[in-house]
Amino acid sequence: MGWEALKTYQDSLLGNLAVGTDLAVYQGETPVYRHTNGFADREAGKKVNGETLFRVYSMTKPITCALALILHDQGRFLMTDPVSRYLPAFENMQVKDRDTVRDARRPIRILDLFTMTSGLTYEMERDSFRAAVLSDGPDITLAHLVAALAKDPLDFDPGERFCYGFSHDVLGLLVETLCGASLGECLAEMVFGPLGMESSFFGVPEAAHGRMAITYASQPPFGRESKMDQLFLEFPRFESGGGGLAMTTDDYLLFLRMLLREGRDENGRQILSPAAVRLMGTNHLSGAVHAGYMAERPGYGYGLGVRVLTNPEMIGALTKPGEYGWAGTQGTWMMADPASRTAAVFMMQGLPGPNREIHPRLRNMIAAQVH
């Protein structure tokens with residue numbers, strides 16, 4: 001079969017689910033597959049290429065978690081520390097309980113932020129969040145968002161269940177607080193700079209705007225979704241640890257390949273400890289919490305910012321237990337497979353992202369070649 005079947009499938013996405021895509025696969029230090037197709041900007045006639053910048057949305061989360069783990073390596077905090085020790089606004093949190101609120105049964109721990117078990121959700125209509133946006137407008141920052149979130153009751157007691165939400169944005173502010181610098185500055189100093197990730201940004205420089213892939217609807221006639229692209233321009237100071245980065249496919253591969261080298265860059269320099277990488281790629285959910293997670297994501301558990309394959313037989317996955325990664329809302333996807341030392345990154349910009357249609361097929365077709 002070879003890689004030709006994967007190329008055929010990737011090309012089939014055009015005119016069906018995507019306007020343009022980029023997929024790259026490394027096995028160890030060897031590039032084994034790279035194919036780009038379609039348009040980054042159809043109206044301008046700009047094709048997808050290696051310099052194209054994609055909004056990776058929630059694929060920002062593993063990078064934020066890795067940055068926080070660098071600080072954990074340095075002894076700057078413990079996973080069991082209450083978040084309020086560093087961010088006092090989260091002291092004495094309350095929890096929704098039917099039509100009323102009550103005191104939380106325990107504090108939010110830093111580990112709860114990593115594992116999305118904090119009680120924070122993605123309810124964008126929270127009154128205090130909307131109030132913060134209305135108050136600060138284009139000047140809203142990560143600190144403003146988190147301050148607003150801390151005013152609202154949690155949706156459930158910390159540790160009670162998994163719920164996808166703002167946890168990694170709060171983790172980003174924790175990094176800012178510990179380092180005394182913005183999240184973007186911390187990433188540049190500790191991750192992007194050391195790894196040579198020169199095309200990774202929160203605020204994309206004006207000179208690079210022409211490299212941005214445009215967001216299109218992910219079904220014919222593939223109209224432009226201009227409001228999504230404009231959203232990032234409206235809040236230039238907001239550095240979202242949960243979804244704000246734009247980067248090239250090659251830059252994301254530099255990050256992912258570092259993880260597969262147990263935290264080392266291409267020259268053998270240690271960026272993140274092997275122990276931290278193992279902690280990141282280990283399922284941290286158990287019992288009813290894991291069962292609740294698998295109800296939406298069968299076969300997988302959740303580590304520190306990444307899905308972790310725990311039961312490939314349940315879903316017919318061709319990768320082995322321990323494969324991990326994440327995806328973004330506009331169809332972006334990444335996979336690290338320690339068993340075969342494979343790193344894969346897929347980029348597109350479609351709304352809604354056809355993630356469940358595309359990503360399992362990419363996983364299996366890649367695994368069929370490398371295992």
# chains A, B, ... in the order shown; residues from 1 in each chain; ligands from 1
>>> residues_around(residues="segment 294-307 of chain A", least_positions_apart="5", cutoff="7 Å", atoms="only C-alpha atoms", output="ChimeraX atom specification")
/A:61-62,65,114-115,280-285,312,314-315,324-326
>>> select_by_dssp(residues="segment 115-263 of chain A", states="strand (DSSP E or B)", output="number ranges by chain")
A: 154, 200-201, 212, 216-217, 224, 246-247
>>> write_last_selection(atoms="N, CA and C atoms", output="PDB file, in the first residue's frame")
ATOM      1  N   LEU A 154     -17.921  27.430  40.019  1.00  0.00           N
ATOM      2  CA  LEU A 154     -17.511  26.304  39.193  1.00  0.00           C
ATOM      3  C   LEU A 154     -18.722  25.463  38.801  1.00  0.00           C
ATOM      4  N   SER A 200       6.114  30.873  15.164  1.00  0.00           N
ATOM      5  CA  SER A 200       5.071  30.568  16.149  1.00  0.00           C
ATOM      6  C   SER A 200       4.747  31.844  16.905  1.00  0.00           C
ATOM      7  N   PHE A 201       3.472  32.240  16.903  1.00  0.00           N
ATOM      8  CA  PHE A 201       3.092  33.543  17.433  1.00  0.00           C
ATOM      9  C   PHE A 201       1.724  33.495  18.116  1.00  0.00           C
ATOM     10  N   MET A 212      -0.903  33.778   6.442  1.00  0.00           N
ATOM     11  CA  MET A 212      -1.968  33.136   7.198  1.00  0.00           C
ATOM     12  C   MET A 212      -2.936  32.378   6.290  1.00  0.00           C
ATOM     13  N   TYR A 216     -12.240  28.736   6.145  1.00  0.00           N
ATOM     14  CA  TYR A 216     -13.369  28.482   5.249  1.00  0.00           C
ATOM     15  C   TYR A 216     -14.351  27.518   5.920  1.00  0.00           C
ATOM     16  N   ALA A 217     -15.585  27.547   5.474  1.00  0.00           N
ATOM     17  CA  ALA A 217     -16.541  26.528   5.891  1.00  0.00           C
ATOM     18  C   ALA A 217     -16.023  25.167   5.429  1.00  0.00           C
ATOM     19  N   ARG A 224     -15.953  31.775   2.905  1.00  0.00           N
ATOM     20  CA  ARG A 224     -15.001  32.302   3.878  1.00  0.00           C
ATOM     21  C   ARG A 224     -15.707  32.579   5.202  1.00  0.00           C
ATOM     22  N   ALA A 246      -0.655  30.687  16.504  1.00  0.00           N
ATOM     23  CA  ALA A 246      -0.581  30.432  15.070  1.00  0.00           C
ATOM     24  C   ALA A 246       0.844  29.986  14.771  1.00  0.00           C
ATOM     25  N   MET A 247       0.992  29.008  13.874  1.00  0.00           N
ATOM     26  CA  MET A 247       2.337  28.514  13.568  1.00  0.00           C
ATOM     27  C   MET A 247       2.325  27.699  12.284  1.00  0.00           C
TER      28      MET A 247
END
>>> select_by_dssp(residues="segment 36-262 of chain A", states="helix (DSSP H, G or I)", output="ChimeraX atom specification")
/A:57-73,83-85,88-90,110-114,127-139,142-150,167-179,183-195,206-211,226-234,249-260
>>> atom_distance(atom1="atom CA of Met228 of chain A", atom2="atom CA of Ala181 of chain A")
27.7 Å
>>> closest_atom_pairs(of="segment 103-136 of chain A", to="segment 79-89 of chain A", cutoff="7 Å", atoms="only C-alpha atoms", output="Markdown table")
| residue | atom | partner | partner_atom | distance |
| --- | --- | --- | --- | --- |
| A:Pro107 | CA | A:Pro82 | CA | 6.0 |
| A:Ile108 | CA | A:Pro82 | CA | 5.7 |
| A:Arg109 | CA | A:Pro82 | CA | 4.3 |
| A:Ile110 | CA | A:Met79 | CA | 5.1 |
| A:Leu111 | CA | A:Met79 | CA | 4.8 |
>>> write_last_selection(atoms="N, CA and C atoms", output="mmCIF file, in the first residue's frame")
data_model
loop_
_atom_site.group_PDB
_atom_site.id
_atom_site.type_symbol
_atom_site.label_atom_id
_atom_site.label_comp_id
_atom_site.auth_asym_id
_atom_site.auth_seq_id
_atom_site.Cartn_x
_atom_site.Cartn_y
_atom_site.Cartn_z
ATOM 1 N N PRO A 107 -10.168 22.858 47.317
ATOM 2 C CA PRO A 107 -9.623 23.859 46.391
ATOM 3 C C PRO A 107 -9.268 23.246 45.033
ATOM 4 N N ILE A 108 -9.165 24.095 44.037
ATOM 5 C CA ILE A 108 -8.604 23.674 42.748
ATOM 6 C C ILE A 108 -7.096 23.498 42.939
ATOM 7 N N ARG A 109 -6.588 22.337 42.580
ATOM 8 C CA ARG A 109 -5.147 22.098 42.607
ATOM 9 C C ARG A 109 -4.564 22.373 41.212
ATOM 10 N N ILE A 110 -3.277 22.600 41.154
ATOM 11 C CA ILE A 110 -2.647 22.844 39.856
ATOM 12 C C ILE A 110 -2.817 21.634 38.947
ATOM 13 N N LEU A 111 -2.753 20.426 39.507
ATOM 14 C CA LEU A 111 -2.975 19.233 38.691
ATOM 15 C C LEU A 111 -4.355 19.248 38.045
#
>>> residues_around(residues="Asp22 of chain A", least_positions_apart="2", cutoff="9 Å", atoms="only C-alpha atoms", output="compact mmCIF listing (two decimals) with N, CA and C atoms, in the first residue's frame")
# COMPACT_ATOMS: atom_id res chain seq x y z
N GLN A 10 -5.67 12.23 1.49
CA GLN A 10 -5.50 13.66 1.76
C GLN A 10 -6.03 14.50 0.60
N GLY A 20 -7.64 23.52 1.74
CA GLY A 20 -6.22 23.27 1.64
C GLY A 20 -5.73 22.55 2.89
N ALA A 24 2.49 16.27 7.62
CA ALA A 24 3.89 15.86 7.67
C ALA A 24 4.05 14.76 8.72
N ARG A 34 5.37 13.95 3.42
CA ARG A 34 4.98 15.36 3.45
C ARG A 34 4.19 15.66 2.19
N HIS A 35 3.00 16.19 2.38
CA HIS A 35 2.18 16.55 1.22
C HIS A 35 1.34 17.76 1.57
N THR A 36 1.37 18.75 0.71
CA THR A 36 0.48 19.92 0.82
C THR A 36 -0.42 19.95 -0.41
N ASN A 37 -1.62 20.48 -0.21
CA ASN A 37 -2.51 20.61 -1.36
C ASN A 37 -3.48 21.77 -1.13
N GLY A 38 -4.12 22.21 -2.18
CA GLY A 38 -5.14 23.24 -2.08
C GLY A 38 -4.60 24.61 -1.74
N VAL A 48 -1.23 26.36 -0.23
CA VAL A 48 -0.61 25.92 1.01
C VAL A 48 0.83 25.50 0.71
N ASN A 49 1.76 25.97 1.56
CA ASN A 49 3.15 25.54 1.44
C ASN A 49 3.77 25.50 2.83
N GLY A 50 5.04 25.23 2.92
CA GLY A 50 5.70 25.08 4.20
C GLY A 50 5.76 26.34 5.03
N THR A 249 3.40 24.15 10.16
CA THR A 249 3.45 22.71 10.42
C THR A 249 4.83 22.31 10.93
N VAL A 345 1.77 15.76 12.10
CA VAL A 345 1.03 17.02 12.25
C VAL A 345 0.23 17.26 10.98
N PHE A 346 -1.06 17.53 11.17
CA PHE A 346 -1.98 17.82 10.07
C PHE A 346 -2.57 19.20 10.29
N MET A 347 -2.59 19.99 9.23
CA MET A 347 -3.13 21.35 9.31
C MET A 347 -4.17 21.59 8.23
N MET A 348 -5.25 22.27 8.62
CA MET A 348 -6.26 22.82 7.72
C MET A 348 -6.97 23.92 8.49
>>> residues_around(residues="Met335 of chain A", least_positions_apart="4", cutoff="12 Å", atoms="only C-alpha atoms", output="PDB file with N, CA and C atoms, in the first residue's frame")
ATOM      1  N   LEU A  23       0.160  17.921   5.653  1.00  0.00           N
ATOM      2  CA  LEU A  23       0.391  16.780   6.537  1.00  0.00           C
ATOM      3  C   LEU A  23       1.848  16.370   6.448  1.00  0.00           C
ATOM      4  N   ALA A  24       2.489  16.266   7.618  1.00  0.00           N
ATOM      5  CA  ALA A  24       3.887  15.860   7.675  1.00  0.00           C
ATOM      6  C   ALA A  24       4.050  14.764   8.723  1.00  0.00           C
ATOM      7  N   VAL A  25       4.889  13.778   8.418  1.00  0.00           N
ATOM      8  CA  VAL A  25       5.130  12.660   9.321  1.00  0.00           C
ATOM      9  C   VAL A  25       6.631  12.412   9.409  1.00  0.00           C
ATOM     10  N   TYR A  26       7.112  12.289  10.645  1.00  0.00           N
ATOM     11  CA  TYR A  26       8.489  11.875  10.920  1.00  0.00           C
ATOM     12  C   TYR A  26       8.456  10.548  11.643  1.00  0.00           C
ATOM     13  N   GLN A  27       9.410   9.684  11.323  1.00  0.00           N
ATOM     14  CA  GLN A  27       9.654   8.505  12.134  1.00  0.00           C
ATOM     15  C   GLN A  27      11.088   8.605  12.640  1.00  0.00           C
ATOM     16  N   MET A  59      -4.603  23.072  19.936  1.00  0.00           N
ATOM     17  CA  MET A  59      -3.267  22.482  19.922  1.00  0.00           C
ATOM     18  C   MET A  59      -2.259  23.405  20.608  1.00  0.00           C
ATOM     19  N   PRO A  62      -1.233  21.688  24.616  1.00  0.00           N
ATOM     20  CA  PRO A  62      -0.061  20.889  24.994  1.00  0.00           C
ATOM     21  C   PRO A  62       1.211  21.723  25.119  1.00  0.00           C
ATOM     22  N   TYR A 252       5.389  23.149  14.610  1.00  0.00           N
ATOM     23  CA  TYR A 252       4.738  22.230  15.549  1.00  0.00           C
ATOM     24  C   TYR A 252       5.496  20.902  15.606  1.00  0.00           C
ATOM     25  N   LEU A 253       6.043  20.480  14.490  1.00  0.00           N
ATOM     26  CA  LEU A 253       6.823  19.247  14.480  1.00  0.00           C
ATOM     27  C   LEU A 253       8.070  19.372  15.347  1.00  0.00           C
ATOM     28  N   PHE A 255       8.329  21.001  18.085  1.00  0.00           N
ATOM     29  CA  PHE A 255       7.857  20.784  19.453  1.00  0.00           C
ATOM     30  C   PHE A 255       7.549  19.310  19.705  1.00  0.00           C
ATOM     31  N   LEU A 256       6.813  18.695  18.788  1.00  0.00           N
ATOM     32  CA  LEU A 256       6.368  17.317  18.976  1.00  0.00           C
ATOM     33  C   LEU A 256       7.542  16.346  18.975  1.00  0.00           C
ATOM     34  N   ARG A 257       8.496  16.584  18.113  1.00  0.00           N
ATOM     35  CA  ARG A 257       9.669  15.709  18.043  1.00  0.00           C
ATOM     36  C   ARG A 257      10.525  15.847  19.295  1.00  0.00           C
ATOM     37  N   LEU A 259       9.288  16.200  22.272  1.00  0.00           N
ATOM     38  CA  LEU A 259       8.635  15.310  23.229  1.00  0.00           C
ATOM     39  C   LEU A 259       9.034  13.855  22.985  1.00  0.00           C
ATOM     40  N   LEU A 260       9.082  13.447  21.717  1.00  0.00           N
ATOM     41  CA  LEU A 260       9.423  12.061  21.409  1.00  0.00           C
ATOM     42  C   LEU A 260      10.891  11.741  21.699  1.00  0.00           C
ATOM     43  N   GLY A 281       2.431  12.303  29.088  1.00  0.00           N
ATOM     44  CA  GLY A 281       1.817  11.314  28.223  1.00  0.00           C
ATOM     45  C   GLY A 281       1.209  10.126  28.930  1.00  0.00           C
ATOM     46  N   VAL A 306      -3.013  16.334  26.816  1.00  0.00           N
ATOM     47  CA  VAL A 306      -3.073  15.461  25.636  1.00  0.00           C
ATOM     48  C   VAL A 306      -3.995  14.275  25.887  1.00  0.00           C
ATOM     49  N   ARG A 307      -4.632  13.799  24.817  1.00  0.00           N
ATOM     50  CA  ARG A 307      -5.327  12.516  24.879  1.00  0.00           C
ATOM     51  C   ARG A 307      -4.269  11.427  24.959  1.00  0.00           C
ATOM     52  N   VAL A 308      -4.587  10.311  25.587  1.00  0.00           N
ATOM     53  CA  VAL A 308      -3.646   9.191  25.702  1.00  0.00           C
ATOM     54  C   VAL A 308      -4.409   7.901  25.393  1.00  0.00           C
ATOM     55  N   LEU A 309      -3.940   7.155  24.415  1.00  0.00           N
ATOM     56  CA  LEU A 309      -4.617   5.922  24.026  1.00  0.00           C
ATOM     57  C   LEU A 309      -4.432   4.861  25.114  1.00  0.00           C
ATOM     58  N   THR A 319      -2.630   2.233  16.275  1.00  0.00           N
ATOM     59  CA  THR A 319      -1.528   2.621  17.146  1.00  0.00           C
ATOM     60  C   THR A 319      -1.603   1.807  18.429  1.00  0.00           C
ATOM     61  N   GLY A 322      -0.504   4.286  24.663  1.00  0.00           N
ATOM     62  CA  GLY A 322       0.524   5.295  24.917  1.00  0.00           C
ATOM     63  C   GLY A 322       0.637   6.325  23.826  1.00  0.00           C
ATOM     64  N   GLU A 323       0.025   6.082  22.651  1.00  0.00           N
ATOM     65  CA  GLU A 323      -0.038   7.138  21.624  1.00  0.00           C
ATOM     66  C   GLU A 323      -0.765   8.337  22.201  1.00  0.00           C
ATOM     67  N   TYR A 324      -0.277   9.535  21.954  1.00  0.00           N
ATOM     68  CA  TYR A 324      -0.920  10.715  22.527  1.00  0.00           C
ATOM     69  C   TYR A 324      -0.907  11.877  21.541  1.00  0.00           C
ATOM     70  N   GLY A 325      -1.687  12.897  21.842  1.00  0.00           N
ATOM     71  CA  GLY A 325      -1.750  14.076  20.974  1.00  0.00           C
ATOM     72  C   GLY A 325      -2.967  14.909  21.294  1.00  0.00           C
ATOM     73  N   TRP A 326      -3.311  15.795  20.354  1.00  0.00           N
ATOM     74  CA  TRP A 326      -4.516  16.608  20.516  1.00  0.00           C
ATOM     75  C   TRP A 326      -4.900  17.183  19.166  1.00  0.00           C
ATOM     76  N   ALA A 327      -5.970  17.975  19.147  1.00  0.00           N
ATOM     77  CA  ALA A 327      -6.482  18.540  17.911  1.00  0.00           C
ATOM     78  C   ALA A 327      -6.954  19.965  18.159  1.00  0.00           C
ATOM     79  N   ALA A 339       5.769   4.265  20.604  1.00  0.00           N
ATOM     80  CA  ALA A 339       6.090   2.886  20.230  1.00  0.00           C
ATOM     81  C   ALA A 339       6.811   2.815  18.889  1.00  0.00           C
ATOM     82  N   SER A 340       6.434   3.665  17.962  1.00  0.00           N
ATOM     83  CA  SER A 340       7.067   3.677  16.640  1.00  0.00           C
ATOM     84  C   SER A 340       7.919   4.925  16.424  1.00  0.00           C
ATOM     85  N   ARG A 341       8.034   5.761  17.465  1.00  0.00           N
ATOM     86  CA  ARG A 341       8.784   7.032  17.411  1.00  0.00           C
ATOM     87  C   ARG A 341       8.283   7.910  16.265  1.00  0.00           C
ATOM     88  N   THR A 342       6.966   7.977  16.118  1.00  0.00           N
ATOM     89  CA  THR A 342       6.354   8.708  15.014  1.00  0.00           C
ATOM     90  C   THR A 342       5.711   9.996  15.485  1.00  0.00           C
ATOM     91  N   ALA A 343       6.005  11.084  14.775  1.00  0.00           N
ATOM     92  CA  ALA A 343       5.372  12.381  15.003  1.00  0.00           C
ATOM     93  C   ALA A 343       4.630  12.773  13.736  1.00  0.00           C
ATOM     94  N   ALA A 344       3.363  13.167  13.872  1.00  0.00           N
ATOM     95  CA  ALA A 344       2.560  13.565  12.722  1.00  0.00           C
ATOM     96  C   ALA A 344       1.803  14.837  13.046  1.00  0.00           C
ATOM     97  N   VAL A 345       1.767  15.764  12.098  1.00  0.00           N
ATOM     98  CA  VAL A 345       1.035  17.019  12.254  1.00  0.00           C
ATOM     99  C   VAL A 345       0.227  17.261  10.984  1.00  0.00           C
ATOM    100  N   PHE A 346      -1.059  17.531  11.173  1.00  0.00           N
ATOM    101  CA  PHE A 346      -1.977  17.819  10.069  1.00  0.00           C
ATOM    102  C   PHE A 346      -2.572  19.201  10.286  1.00  0.00           C
ATOM    103  N   HIS A 359      -9.478  12.657  11.541  1.00  0.00           N
ATOM    104  CA  HIS A 359      -8.332  12.307  12.380  1.00  0.00           C
ATOM    105  C   HIS A 359      -8.152  10.814  12.644  1.00  0.00           C
ATOM    106  N   PRO A 360      -9.213  10.056  12.941  1.00  0.00           N
ATOM    107  CA  PRO A 360      -8.982   8.617  13.140  1.00  0.00           C
ATOM    108  C   PRO A 360      -8.432   7.924  11.897  1.00  0.00           C
ATOM    109  N   LEU A 362      -6.452   9.361   9.622  1.00  0.00           N
ATOM    110  CA  LEU A 362      -5.026   9.713   9.538  1.00  0.00           C
ATOM    111  C   LEU A 362      -4.221   8.861  10.505  1.00  0.00           C
ATOM    112  N   ARG A 363      -4.702   8.726  11.739  1.00  0.00           N
ATOM    113  CA  ARG A 363      -4.000   7.902  12.739  1.00  0.00           C
ATOM    114  C   ARG A 363      -3.755   6.496  12.212  1.00  0.00           C
ATOM    115  N   ASN A 364      -4.815   5.872  11.705  1.00  0.00           N
ATOM    116  CA  ASN A 364      -4.693   4.474  11.284  1.00  0.00           C
ATOM    117  C   ASN A 364      -3.863   4.304  10.025  1.00  0.00           C
ATOM    118  N   ILE A 366      -1.412   6.226   8.985  1.00  0.00           N
ATOM    119  CA  ILE A 366      -0.015   6.444   9.327  1.00  0.00           C
ATOM    120  C   ILE A 366       0.513   5.230  10.092  1.00  0.00           C
ATOM    121  N   ALA A 367      -0.256   4.761  11.064  1.00  0.00           N
ATOM    122  CA  ALA A 367       0.189   3.607  11.850  1.00  0.00           C
ATOM    123  C   ALA A 367       0.405   2.372  10.987  1.00  0.00           C
TER     124      ALA A 367
END
>>> closest_residue(among="A:Leu17, A:Met116, A:Cys179, A:Leu69", to="Ile358 of chain A", atoms="only C-alpha atoms")
A:Leu17
>>> closest_atom_pairs(of="segment 217-311 of chain A", to="segment 51-56 of chain A", cutoff="12 Å", atoms="only C-alpha atoms", output="Markdown table")
| residue | atom | partner | partner_atom | distance |
| --- | --- | --- | --- | --- |
| A:Met228 | CA | A:Arg55 | CA | 10.2 |
| A:Asp229 | CA | A:Arg55 | CA | 9.0 |
| A:Leu231 | CA | A:Arg55 | CA | 11.6 |
| A:Phe232 | CA | A:Arg55 | CA | 9.6 |
| A:Ser240 | CA | A:Val56 | CA | 11.6 |
| A:Gly241 | CA | A:Val56 | CA | 11.5 |
| A:Gly242 | CA | A:Val56 | CA | 10.1 |
| A:Gly243 | CA | A:Val56 | CA | 7.1 |
| A:Gly244 | CA | A:Arg55 | CA | 7.4 |
| A:Leu245 | CA | A:Val56 | CA | 6.0 |
| A:Ala246 | CA | A:Arg55 | CA | 4.2 |
| A:Met247 | CA | A:Leu53 | CA | 4.9 |
| A:Thr248 | CA | A:Leu53 | CA | 4.8 |
| A:Thr249 | CA | A:Leu53 | CA | 7.8 |
| A:Asp250 | CA | A:Glu51 | CA | 8.6 |
| A:Asp251 | CA | A:Leu53 | CA | 9.8 |
| A:Tyr252 | CA | A:Val56 | CA | 9.3 |
>>> atom_distance(atom1="atom CA of Ala288 of chain A", atom2="atom CA of Asn311 of chain A")
16.1 Å
>>> residues_around(residues="Tyr164 of chain A", least_positions_apart="5", cutoff="8 Å", atoms="only C-alpha atoms", output="list in words")
Met116, Leu120, Thr121 and Tyr122 of chain A
>>> closest_residue(among="A:Asp41, A:Gly193, A:Ala275, A:Asp155", to="Thr100 of chain A", atoms="only C-alpha atoms")
A:Asp155
>>> closest_residue(among="A:Thr117, A:Ser12, A:Thr21, A:Thr329", to="Gly159 of chain A", atoms="only C-alpha atoms")
A:Thr117
>>> residues_around(residues="Gln270 of chain A", least_positions_apart="4", cutoff="12 Å", atoms="only C-alpha atoms", output="list in words")
Ile70, Asp73, Met190, Val191, Pro194, Leu195, Met258, Leu259, Arg261, Glu262, Gly263, Arg264, Asp265, Glu266, Pro274, Ala275, Ala276 and Val277 of chain A
>>> write_last_selection(atoms="N, CA and C atoms", output="PDB file, in the first residue's frame")
ATOM      1  N   ILE A  70       8.079  22.722  32.470  1.00  0.00           N
ATOM      2  CA  ILE A  70       9.459  23.200  32.622  1.00  0.00           C
ATOM      3  C   ILE A  70       9.624  23.872  33.983  1.00  0.00           C
ATOM      4  N   ASP A  73       9.674  21.225  36.605  1.00  0.00           N
ATOM      5  CA  ASP A  73      11.020  20.646  36.686  1.00  0.00           C
ATOM      6  C   ASP A  73      11.930  21.484  37.585  1.00  0.00           C
ATOM      7  N   MET A 190      11.644  29.981  26.625  1.00  0.00           N
ATOM      8  CA  MET A 190      11.863  28.622  27.128  1.00  0.00           C
ATOM      9  C   MET A 190      11.514  27.515  26.142  1.00  0.00           C
ATOM     10  N   VAL A 191      10.713  27.814  25.117  1.00  0.00           N
ATOM     11  CA  VAL A 191      10.299  26.775  24.169  1.00  0.00           C
ATOM     12  C   VAL A 191      10.655  27.167  22.741  1.00  0.00           C
ATOM     13  N   PRO A 194      14.665  28.057  22.149  1.00  0.00           N
ATOM     14  CA  PRO A 194      15.537  26.882  22.201  1.00  0.00           C
ATOM     15  C   PRO A 194      15.285  25.867  21.087  1.00  0.00           C
ATOM     16  N   LEU A 195      14.035  25.728  20.643  1.00  0.00           N
ATOM     17  CA  LEU A 195      13.717  24.735  19.619  1.00  0.00           C
ATOM     18  C   LEU A 195      13.802  25.286  18.200  1.00  0.00           C
ATOM     19  N   MET A 258      10.538  17.033  19.898  1.00  0.00           N
ATOM     20  CA  MET A 258      11.222  17.202  21.182  1.00  0.00           C
ATOM     21  C   MET A 258      10.611  16.284  22.236  1.00  0.00           C
ATOM     22  N   LEU A 259       9.288  16.200  22.272  1.00  0.00           N
ATOM     23  CA  LEU A 259       8.635  15.310  23.229  1.00  0.00           C
ATOM     24  C   LEU A 259       9.034  13.855  22.985  1.00  0.00           C
ATOM     25  N   ARG A 261      11.726  12.773  21.772  1.00  0.00           N
ATOM     26  CA  ARG A 261      13.125  12.575  22.184  1.00  0.00           C
ATOM     27  C   ARG A 261      13.265  12.662  23.698  1.00  0.00           C
ATOM     28  N   GLU A 262      12.163  12.529  24.412  1.00  0.00           N
ATOM     29  CA  GLU A 262      12.143  12.628  25.871  1.00  0.00           C
ATOM     30  C   GLU A 262      12.659  13.987  26.339  1.00  0.00           C
ATOM     31  N   GLY A 263      12.219  15.039  25.636  1.00  0.00           N
ATOM     32  CA  GLY A 263      12.488  16.395  26.091  1.00  0.00           C
ATOM     33  C   GLY A 263      13.741  17.033  25.535  1.00  0.00           C
ATOM     34  N   ARG A 264      14.415  16.391  24.579  1.00  0.00           N
ATOM     35  CA  ARG A 264      15.657  16.956  24.030  1.00  0.00           C
ATOM     36  C   ARG A 264      15.424  17.577  22.667  1.00  0.00           C
ATOM     37  N   ASP A 265      16.195  18.643  22.370  1.00  0.00           N
ATOM     38  CA  ASP A 265      16.133  19.235  21.045  1.00  0.00           C
ATOM     39  C   ASP A 265      16.989  18.430  20.070  1.00  0.00           C
ATOM     40  N   GLU A 266      17.102  18.895  18.843  1.00  0.00           N
ATOM     41  CA  GLU A 266      17.819  18.136  17.815  1.00  0.00           C
ATOM     42  C   GLU A 266      19.303  17.962  18.127  1.00  0.00           C
ATOM     43  N   PRO A 274      12.902  13.995  30.898  1.00  0.00           N
ATOM     44  CA  PRO A 274      12.209  12.773  30.469  1.00  0.00           C
ATOM     45  C   PRO A 274      11.069  12.399  31.409  1.00  0.00           C
ATOM     46  N   ALA A 275      11.258  12.638  32.713  1.00  0.00           N
ATOM     47  CA  ALA A 275      10.197  12.314  33.670  1.00  0.00           C
ATOM     48  C   ALA A 275       8.954  13.155  33.424  1.00  0.00           C
ATOM     49  N   ALA A 276       9.146  14.435  33.082  1.00  0.00           N
ATOM     50  CA  ALA A 276       8.013  15.318  32.807  1.00  0.00           C
ATOM     51  C   ALA A 276       7.289  14.896  31.539  1.00  0.00           C
ATOM     52  N   VAL A 277       8.043  14.496  30.513  1.00  0.00           N
ATOM     53  CA  VAL A 277       7.419  14.031  29.273  1.00  0.00           C
ATOM     54  C   VAL A 277       6.580  12.785  29.543  1.00  0.00           C
TER      55      VAL A 277
END
>>> atom_distance(atom1="atom CA of Arg76 of chain A", atom2="atom CA of Gly172 of chain A")
14.2 Å
